[in-house]
file target_39.cif (mmCIF, C-alpha atoms)
data_model
#
loop_
_atom_site.label_atom_id
_atom_site.label_comp_id
_atom_site.auth_asym_id
_atom_site.auth_seq_id
_atom_site.Cartn_x
_atom_site.Cartn_y
_atom_site.Cartn_z
CA MET E 27 59.11 25.75 -47.48
CA THR E 28 56.71 23.06 -48.66
CA ALA E 29 56.95 22.45 -52.40
CA ILE E 30 53.86 22.70 -54.59
CA ARG E 31 53.07 19.22 -55.88
CA LEU E 32 52.35 19.47 -59.62
CA LEU E 33 50.89 16.92 -62.04
CA LEU E 34 51.40 17.47 -65.79
CA VAL E 35 48.77 16.21 -68.23
CA ASP E 36 49.35 16.53 -72.00
CA ASP E 37 49.24 14.01 -74.83
CA ASP E 38 52.38 15.49 -76.45
CA PRO E 39 55.53 14.07 -74.81
CA LEU E 40 57.57 17.04 -76.04
CA VAL E 41 55.20 19.47 -74.34
CA ARG E 42 55.37 17.46 -71.10
CA ALA E 43 59.17 17.36 -71.29
CA GLY E 44 59.31 21.10 -71.87
CA LEU E 45 56.98 21.85 -68.99
CA SER E 46 58.88 19.51 -66.70
CA LEU E 47 62.14 21.19 -67.62
CA MET E 48 60.69 24.68 -67.19
CA LEU E 49 58.83 24.11 -63.95
CA GLY E 50 60.76 21.32 -62.27
CA GLY E 51 63.79 23.53 -61.75
CA ALA E 52 61.94 25.84 -59.38
CA GLU E 53 62.75 25.25 -55.72
CA ASP E 54 59.10 25.42 -54.70
CA ILE E 55 57.75 23.05 -57.40
CA GLU E 56 57.83 19.25 -57.32
CA ILE E 57 56.68 17.40 -60.45
CA VAL E 58 54.94 14.39 -58.92
CA GLY E 59 53.71 12.75 -62.11
CA GLU E 60 52.85 13.00 -65.79
CA ALA E 61 49.90 11.72 -67.80
CA ALA E 62 49.30 11.50 -71.55
CA ASP E 63 45.50 11.39 -71.37
CA GLY E 64 42.69 12.54 -69.12
CA GLY E 65 41.74 8.94 -68.45
CA GLU E 66 44.97 8.45 -66.49
CA VAL E 67 44.42 11.43 -64.20
CA GLY E 68 42.16 9.95 -61.53
CA ALA E 69 44.52 7.10 -60.61
CA LEU E 70 47.55 9.39 -60.74
CA VAL E 71 45.90 11.91 -58.43
CA ASP E 72 45.10 9.10 -55.99
CA ARG E 73 48.73 8.00 -56.05
CA THR E 74 50.58 11.33 -56.13
CA ARG E 75 48.23 13.75 -54.31
CA PRO E 76 49.08 16.87 -56.35
CA ASP E 77 48.18 20.38 -55.24
CA VAL E 78 47.84 21.58 -58.84
CA VAL E 79 47.13 19.81 -62.14
CA LEU E 80 48.32 21.49 -65.34
CA MET E 81 45.79 20.04 -67.80
CA ASP E 82 45.81 20.03 -71.60
CA ILE E 83 42.28 20.64 -72.82
CA ARG E 84 42.48 18.59 -76.04
CA MET E 85 43.49 14.95 -75.74
CA PRO E 86 42.48 12.03 -77.95
CA THR E 87 40.71 9.67 -75.53
CA VAL E 88 39.53 11.55 -72.42
CA ASP E 89 39.84 15.30 -72.88
CA GLY E 90 40.85 17.83 -70.25
CA LEU E 91 37.31 19.07 -69.77
CA THR E 92 36.00 15.65 -68.82
CA ALA E 93 38.99 15.04 -66.56
CA THR E 94 38.53 18.44 -64.88
CA GLU E 95 34.85 17.80 -64.22
CA SER E 96 35.71 14.43 -62.69
CA LEU E 97 38.46 15.87 -60.50
CA ARG E 98 36.43 18.81 -59.23
CA ARG E 99 33.70 16.46 -57.99
CA ARG E 100 36.18 15.08 -55.44
CA ASP E 101 36.11 16.33 -51.85
CA ASP E 102 39.91 16.68 -51.89
CA ALA E 103 40.12 18.04 -55.44
CA PRO E 104 43.42 19.57 -56.58
CA GLN E 105 43.39 22.91 -58.32
CA VAL E 106 43.31 22.68 -62.12
CA VAL E 107 44.96 25.06 -64.60
CA VAL E 108 43.92 24.44 -68.19
CA LEU E 109 46.50 24.49 -71.00
CA THR E 110 45.18 25.73 -74.32
CA THR E 111 46.24 27.24 -77.64
CA PHE E 112 43.34 29.70 -77.76
CA HIS E 113 42.29 32.69 -75.63
CA ALA E 114 38.63 32.44 -76.53
CA ASP E 115 37.34 28.91 -76.72
CA GLU E 116 34.04 27.30 -75.69
CA GLN E 117 35.96 24.40 -74.14
CA VAL E 118 38.02 26.78 -71.99
CA LEU E 119 34.84 28.41 -70.74
CA ARG E 120 33.30 25.01 -70.01
CA ALA E 121 36.43 23.97 -68.09
CA LEU E 122 36.22 27.15 -66.00
CA ARG E 123 32.56 26.53 -65.30
CA ALA E 124 33.49 22.98 -64.29
CA GLY E 125 35.83 24.36 -61.64
CA ALA E 126 39.22 25.00 -63.26
CA ALA E 127 41.01 27.85 -61.48
CA GLY E 128 42.15 29.45 -64.73
CA PHE E 129 44.03 28.81 -67.91
CA VAL E 130 47.35 29.54 -69.57
CA LEU E 131 48.29 29.48 -73.23
CA LYS E 132 50.83 26.92 -74.36
CA ASP E 133 53.07 29.69 -75.70
CA THR E 134 53.00 31.59 -72.40
CA PRO E 135 56.52 32.46 -71.15
CA PRO E 136 57.80 29.94 -68.56
CA ALA E 137 57.91 32.54 -65.78
CA GLU E 138 54.22 33.29 -66.27
CA ILE E 139 53.24 29.61 -66.22
CA LEU E 140 55.24 29.22 -63.02
CA ALA E 141 53.49 32.26 -61.53
CA ALA E 142 50.11 30.79 -62.51
CA VAL E 143 50.87 27.52 -60.72
CA ARG E 144 51.95 29.42 -57.61
CA ARG E 145 48.84 31.59 -57.67
CA VAL E 146 46.33 28.75 -57.88
CA ALA E 147 48.24 26.80 -55.23
CA ALA E 148 47.71 29.84 -52.99
CA GLY E 149 44.00 29.88 -53.80
CA ASP E 150 43.98 32.74 -56.32
CA PRO E 151 42.46 32.41 -59.81
CA VAL E 152 44.47 32.87 -63.00
CA LEU E 153 41.96 34.85 -64.99
CA SER E 154 41.94 38.58 -65.63
CA PRO E 155 38.67 40.53 -65.94
CA ALA E 156 39.54 41.34 -69.58
CA VAL E 157 39.97 37.66 -70.43
CA THR E 158 36.74 36.80 -68.62
CA ARG E 159 34.86 39.35 -70.70
CA GLN E 160 36.48 38.03 -73.89
CA LEU E 161 35.42 34.48 -73.06
CA MET E 162 31.89 35.56 -72.21
CA ALA E 163 31.60 37.53 -75.46
CA HIS E 164 32.93 34.54 -77.39
CA ALA E 165 30.36 32.28 -75.78
CA ALA E 166 27.45 34.69 -76.31
CA GLY E 167 24.61 32.83 -77.93
CA THR E 168 26.17 29.40 -77.39
CA GLY E 169 24.63 28.74 -73.98
CA GLY E 170 21.04 29.56 -74.88
CA SER E 171 18.85 32.35 -73.57
CA THR E 172 18.11 30.62 -70.26
CA ARG E 173 21.59 31.03 -68.73
CA PRO E 174 21.21 34.70 -67.69
CA ALA E 175 17.82 33.99 -66.11
CA ARG E 176 19.20 30.97 -64.24
CA ALA E 177 22.18 33.01 -63.07
CA ARG E 178 19.96 35.86 -61.84
CA ALA E 179 17.83 33.36 -59.94
CA ARG E 180 20.92 31.94 -58.26
CA VAL E 181 22.44 35.27 -57.22
CA ALA E 182 19.04 36.30 -55.81
CA ASP E 183 19.97 34.07 -52.84
CA LEU E 184 22.80 36.45 -51.92
CA ASN E 185 22.31 39.25 -49.43
CA ASP E 186 23.36 42.79 -50.37
CA ARG E 187 26.86 42.52 -48.92
CA GLU E 188 27.52 39.14 -50.53
CA ARG E 189 26.30 40.57 -53.83
CA GLU E 190 28.77 43.47 -53.53
CA VAL E 191 31.59 41.03 -52.86
CA ALA E 192 30.54 38.83 -55.79
CA VAL E 193 30.62 41.84 -58.11
CA ALA E 194 34.07 42.81 -56.83
CA VAL E 195 35.32 39.26 -57.41
CA GLY E 196 33.85 39.43 -60.90
CA ARG E 197 35.81 42.61 -61.53
CA GLY E 198 38.99 40.72 -60.72
CA LEU E 199 39.77 42.42 -57.41
CA ALA E 200 41.93 40.64 -54.84
CA ASN E 201 40.73 40.27 -51.25
CA ALA E 202 42.79 43.24 -50.03
CA GLU E 203 41.37 45.44 -52.81
CA ILE E 204 37.82 44.35 -52.01
CA ALA E 205 38.42 45.06 -48.33
CA ALA E 206 39.63 48.59 -49.08
CA GLU E 207 36.79 49.33 -51.50
CA LEU E 208 34.01 47.96 -49.31
CA HIS E 209 35.52 49.13 -46.00
CA MET E 210 35.84 45.75 -44.33
CA SER E 211 38.69 43.57 -43.13
CA VAL E 212 40.39 41.03 -45.37
CA ALA E 213 39.19 38.29 -43.01
CA THR E 214 35.61 39.48 -43.48
CA VAL E 215 36.03 39.45 -47.26
CA LYS E 216 37.33 35.88 -47.09
CA ALA E 217 34.34 34.90 -44.95
CA HIS E 218 31.93 36.44 -47.46
CA VAL E 219 33.66 34.66 -50.36
CA SER E 220 33.43 31.35 -48.50
CA ARG E 221 29.72 31.90 -47.82
CA ILE E 222 29.08 32.78 -51.48
CA LEU E 223 30.84 29.61 -52.61
CA ALA E 224 28.85 27.49 -50.18
CA LYS E 225 25.51 29.21 -50.82
CA LEU E 226 25.81 28.97 -54.61
CA ASP E 227 27.54 25.56 -54.63
CA LEU E 228 30.58 26.89 -56.50
CA ASN E 229 34.19 25.67 -56.46
CA ASN E 230 36.25 28.83 -56.69
CA ARG E 231 36.41 32.57 -57.37
CA VAL E 232 36.49 32.07 -61.13
CA GLN E 233 33.03 30.52 -60.97
CA ILE E 234 31.80 33.46 -58.88
CA ALA E 235 33.13 35.81 -61.56
CA LEU E 236 31.48 33.86 -64.38
CA LEU E 237 28.15 33.72 -62.54
CA ALA E 238 28.33 37.47 -61.91
CA HIS E 239 28.90 37.96 -65.64
CA ASP E 240 26.03 35.63 -66.55
CA ALA E 241 23.65 37.43 -64.18
CA GLY E 242 24.56 40.83 -65.61
CA LEU E 243 25.85 42.14 -62.29
CA LEU E 244 28.97 43.67 -63.80
CA GLU E 245 26.96 45.52 -66.44
CA GLU E 246 24.88 47.00 -63.62
CA THR E 247 28.02 48.41 -62.03
CA ASP E 248 29.16 49.81 -65.39
CA THR E 249 25.94 51.79 -65.80
CA PRO E 250 26.41 55.49 -64.91
#

call {"tool": "encode", "arguments": {"input": "target_39.cif", "output": "structure tokens"}}
result
Amino acid sequence: MTAIRLLLVDDDPLVRAGLSLMLGGAEDIEIVGEAADGGEVGALVDRTRPDVVLMDIRMPTVDGLTATESLRRRDDAPQVVVLTTFHADEQVLRALRAGAAGFVLKDTPPAEILAAVRRVAAGDPVLSPAVTRQLMAHAAGTGGSTRPARARARVADLNDREREVAVAVGRGLANAEIAAELHMSVATVKAHVSRILAKLDLNNRVQIALLAHDAGLLEETDTP
């Protein structure tokens, strides 16, 4: 079994020590480095080649949002899980839009943080539909009135089947659940997801979900 290479980024040394103690004991996790500020992340990623970065969102010099945006512009970008103290926070939403694969609260039980790292390493987002809706509601009015129109224009490029898959992703369904609901194979679902990501220039499934929310696609499916 190949261990998941994990980089810890937090300006509080006690938090880093706690995370290292909690996560480093797992057989499938290797802590490859630690950083106290987002400005250190780029060089550390070059040196340690992590699969996942556990990123504090608030740091004094270069914050986690800026570091996440920089990382996700790389061709070989690691997955990013944001650490935060709040469920609903504009910065969390911005980090997700920048390409973070999800977020965990700092007071999340160790087993759940470990599960989150494993999930994003496997390519799955760490974001429930309920949390997505909470974030979107929290951000209502903060992004201006043009975001829904821009989102609708972007999803207009999708064909009917891709649109159905995007809605299912936005509802938080896994590939196997989408396959069962839409009567297709899991491999076909994966192919559709890959085409949606490429067509809309998105990084991951979380961004598909957020775009579906912005475009109002999920409200359409909720309408009787």

call {"tool": "resolve_selection", "arguments": {"input": "target_39.cif", "expression": "the PyMOL selection byres ((chain E and resi 28) around 9)", "output": "short mmCIF file (atom, residue, chain, number, x, y, z; two decimals) with C-alpha atoms, in the coordinates of the input"}}
result
data_model
loop_
_atom_site.label_atom_id
_atom_site.label_comp_id
_atom_site.auth_asym_id
_atom_site.auth_seq_id
_atom_site.Cartn_x
_atom_site.Cartn_y
_atom_site.Cartn_z
CA MET E 27 59.11 25.75 -47.48
CA ALA E 29 56.95 22.45 -52.40
CA ILE E 30 53.86 22.70 -54.59
CA ARG E 31 53.07 19.22 -55.88
CA ASP E 54 59.10 25.42 -54.70
CA ILE E 55 57.75 23.05 -57.40
#

call {"tool": "closest_atom_pairs", "arguments": {"input": "target_39.cif", "of": "stretch 53-114 of chain E", "to": "stretch 223-242 of chain E", "cutoff": "12 Å", "atoms": "only C-alpha atoms", "output": "JSON lines"}}
result
{"residue": "E:Thr94", "atom": "CA", "partner": "E:Asn229", "partner_atom": "CA", "distance": 11.9}
{"residue": "E:Glu95", "atom": "CA", "partner": "E:Asn229", "partner_atom": "CA", "distance": 11.1}
{"residue": "E:Leu97", "atom": "CA", "partner": "E:Asn229", "partner_atom": "CA", "distance": 11.4}
{"residue": "E:Arg98", "atom": "CA", "partner": "E:Asn229", "partner_atom": "CA", "distance": 7.7}
{"residue": "E:Arg99", "atom": "CA", "partner": "E:Asn229", "partner_atom": "CA", "distance": 9.3}
{"residue": "E:Arg100", "atom": "CA", "partner": "E:Asn229", "partner_atom": "CA", "distance": 10.8}
{"residue": "E:Asp101", "atom": "CA", "partner": "E:Asn229", "partner_atom": "CA", "distance": 10.6}
{"residue": "E:Asp102", "atom": "CA", "partner": "E:Asn229", "partner_atom": "CA", "distance": 11.6}
{"residue": "E:Ala103", "atom": "CA", "partner": "E:Asn229", "partner_atom": "CA", "distance": 9.7}
{"residue": "E:Pro104", "atom": "CA", "partner": "E:Asn229", "partner_atom": "CA", "distance": 11.1}
{"residue": "E:Gln105", "atom": "CA", "partner": "E:Asn230", "partner_atom": "CA", "distance": 9.4}
{"residue": "E:Val106", "atom": "CA", "partner": "E:Asn230", "partner_atom": "CA", "distance": 10.8}
{"residue": "E:Val107", "atom": "CA", "partner": "E:Val232", "partner_atom": "CA", "distance": 11.5}

call {"tool": "resolve_selection", "arguments": {"input": "target_39.cif", "expression": "the PyMOL selection byres ((chain E and resi 189) around 12)", "output": "number ranges by chain"}}
result
E: 178, 180-188, 190-196, 208, 215, 218-219, 221-223, 225-226, 234-235, 237-238, 241-244, 246-247

call {"tool": "atom_distance", "arguments": {"input": "target_39.cif", "atom1": "atom CA of E:Gly59", "atom2": "atom CA of E:Asp38"}}
result
14.7 Å

call {"tool": "atom_distance", "arguments": {"input": "target_39.cif", "atom1": "atom CA of E:Arg84", "atom2": "atom CA of E:Gly64"}}
result
9.2 Å

call {"tool": "residues_around", "arguments": {"input": "target_39.cif", "residues": "E:Asp82", "least_positions_apart": "2", "cutoff": "6 Å", "atoms": "only C-alpha atoms", "output": "PyMOL selection string"}}
result
chain E and resi 35-36+84+90+108-109

call {"tool": "write_last_selection", "arguments": {"input": "target_39.cif", "atoms": "C-alpha atoms", "output": "PDB file, keeping the file's coordinate frame"}}
result
ATOM      1  CA  VAL E  35      48.770  16.210 -68.230  1.00  0.00           C
ATOM      2  CA  ASP E  36      49.350  16.530 -72.000  1.00  0.00           C
ATOM      3  CA  ARG E  84      42.480  18.590 -76.040  1.00  0.00           C
ATOM      4  CA  GLY E  90      40.850  17.830 -70.250  1.00  0.00           C
ATOM      5  CA  VAL E 108      43.920  24.440 -68.190  1.00  0.00           C
ATOM      6  CA  LEU E 109      46.500  24.490 -71.000  1.00  0.00           C
TER       7      LEU E 109
END

call {"tool": "residues_around", "arguments": {"input": "target_39.cif", "residues": "E:Leu34", "least_positions_apart": "3", "cutoff": "10 Å", "atoms": "only C-alpha atoms", "output": "NGL selection string"}}
result
:E and (37 or 41-43 or 45-46 or 57-62 or 67 or 76 or 78-82)

call {"tool": "atom_distance", "arguments": {"input": "target_39.cif", "atom1": "atom CA of E:Gly149", "atom2": "atom CA of E:Val71"}}
result
18.7 Å

call {"tool": "resolve_selection", "arguments": {"input": "target_39.cif", "expression": "the PyMOL selection byres ((chain E and resi 140) around 10)", "output": "list in words"}}
result
Leu45, Met48, Leu49, Gly50, Ala52, Asp54, Ile55, Thr134, Pro135, Pro136, Ala137, Glu138, Ile139, Ala141, Ala142, Val143, Arg144 and Arg145 of chain E
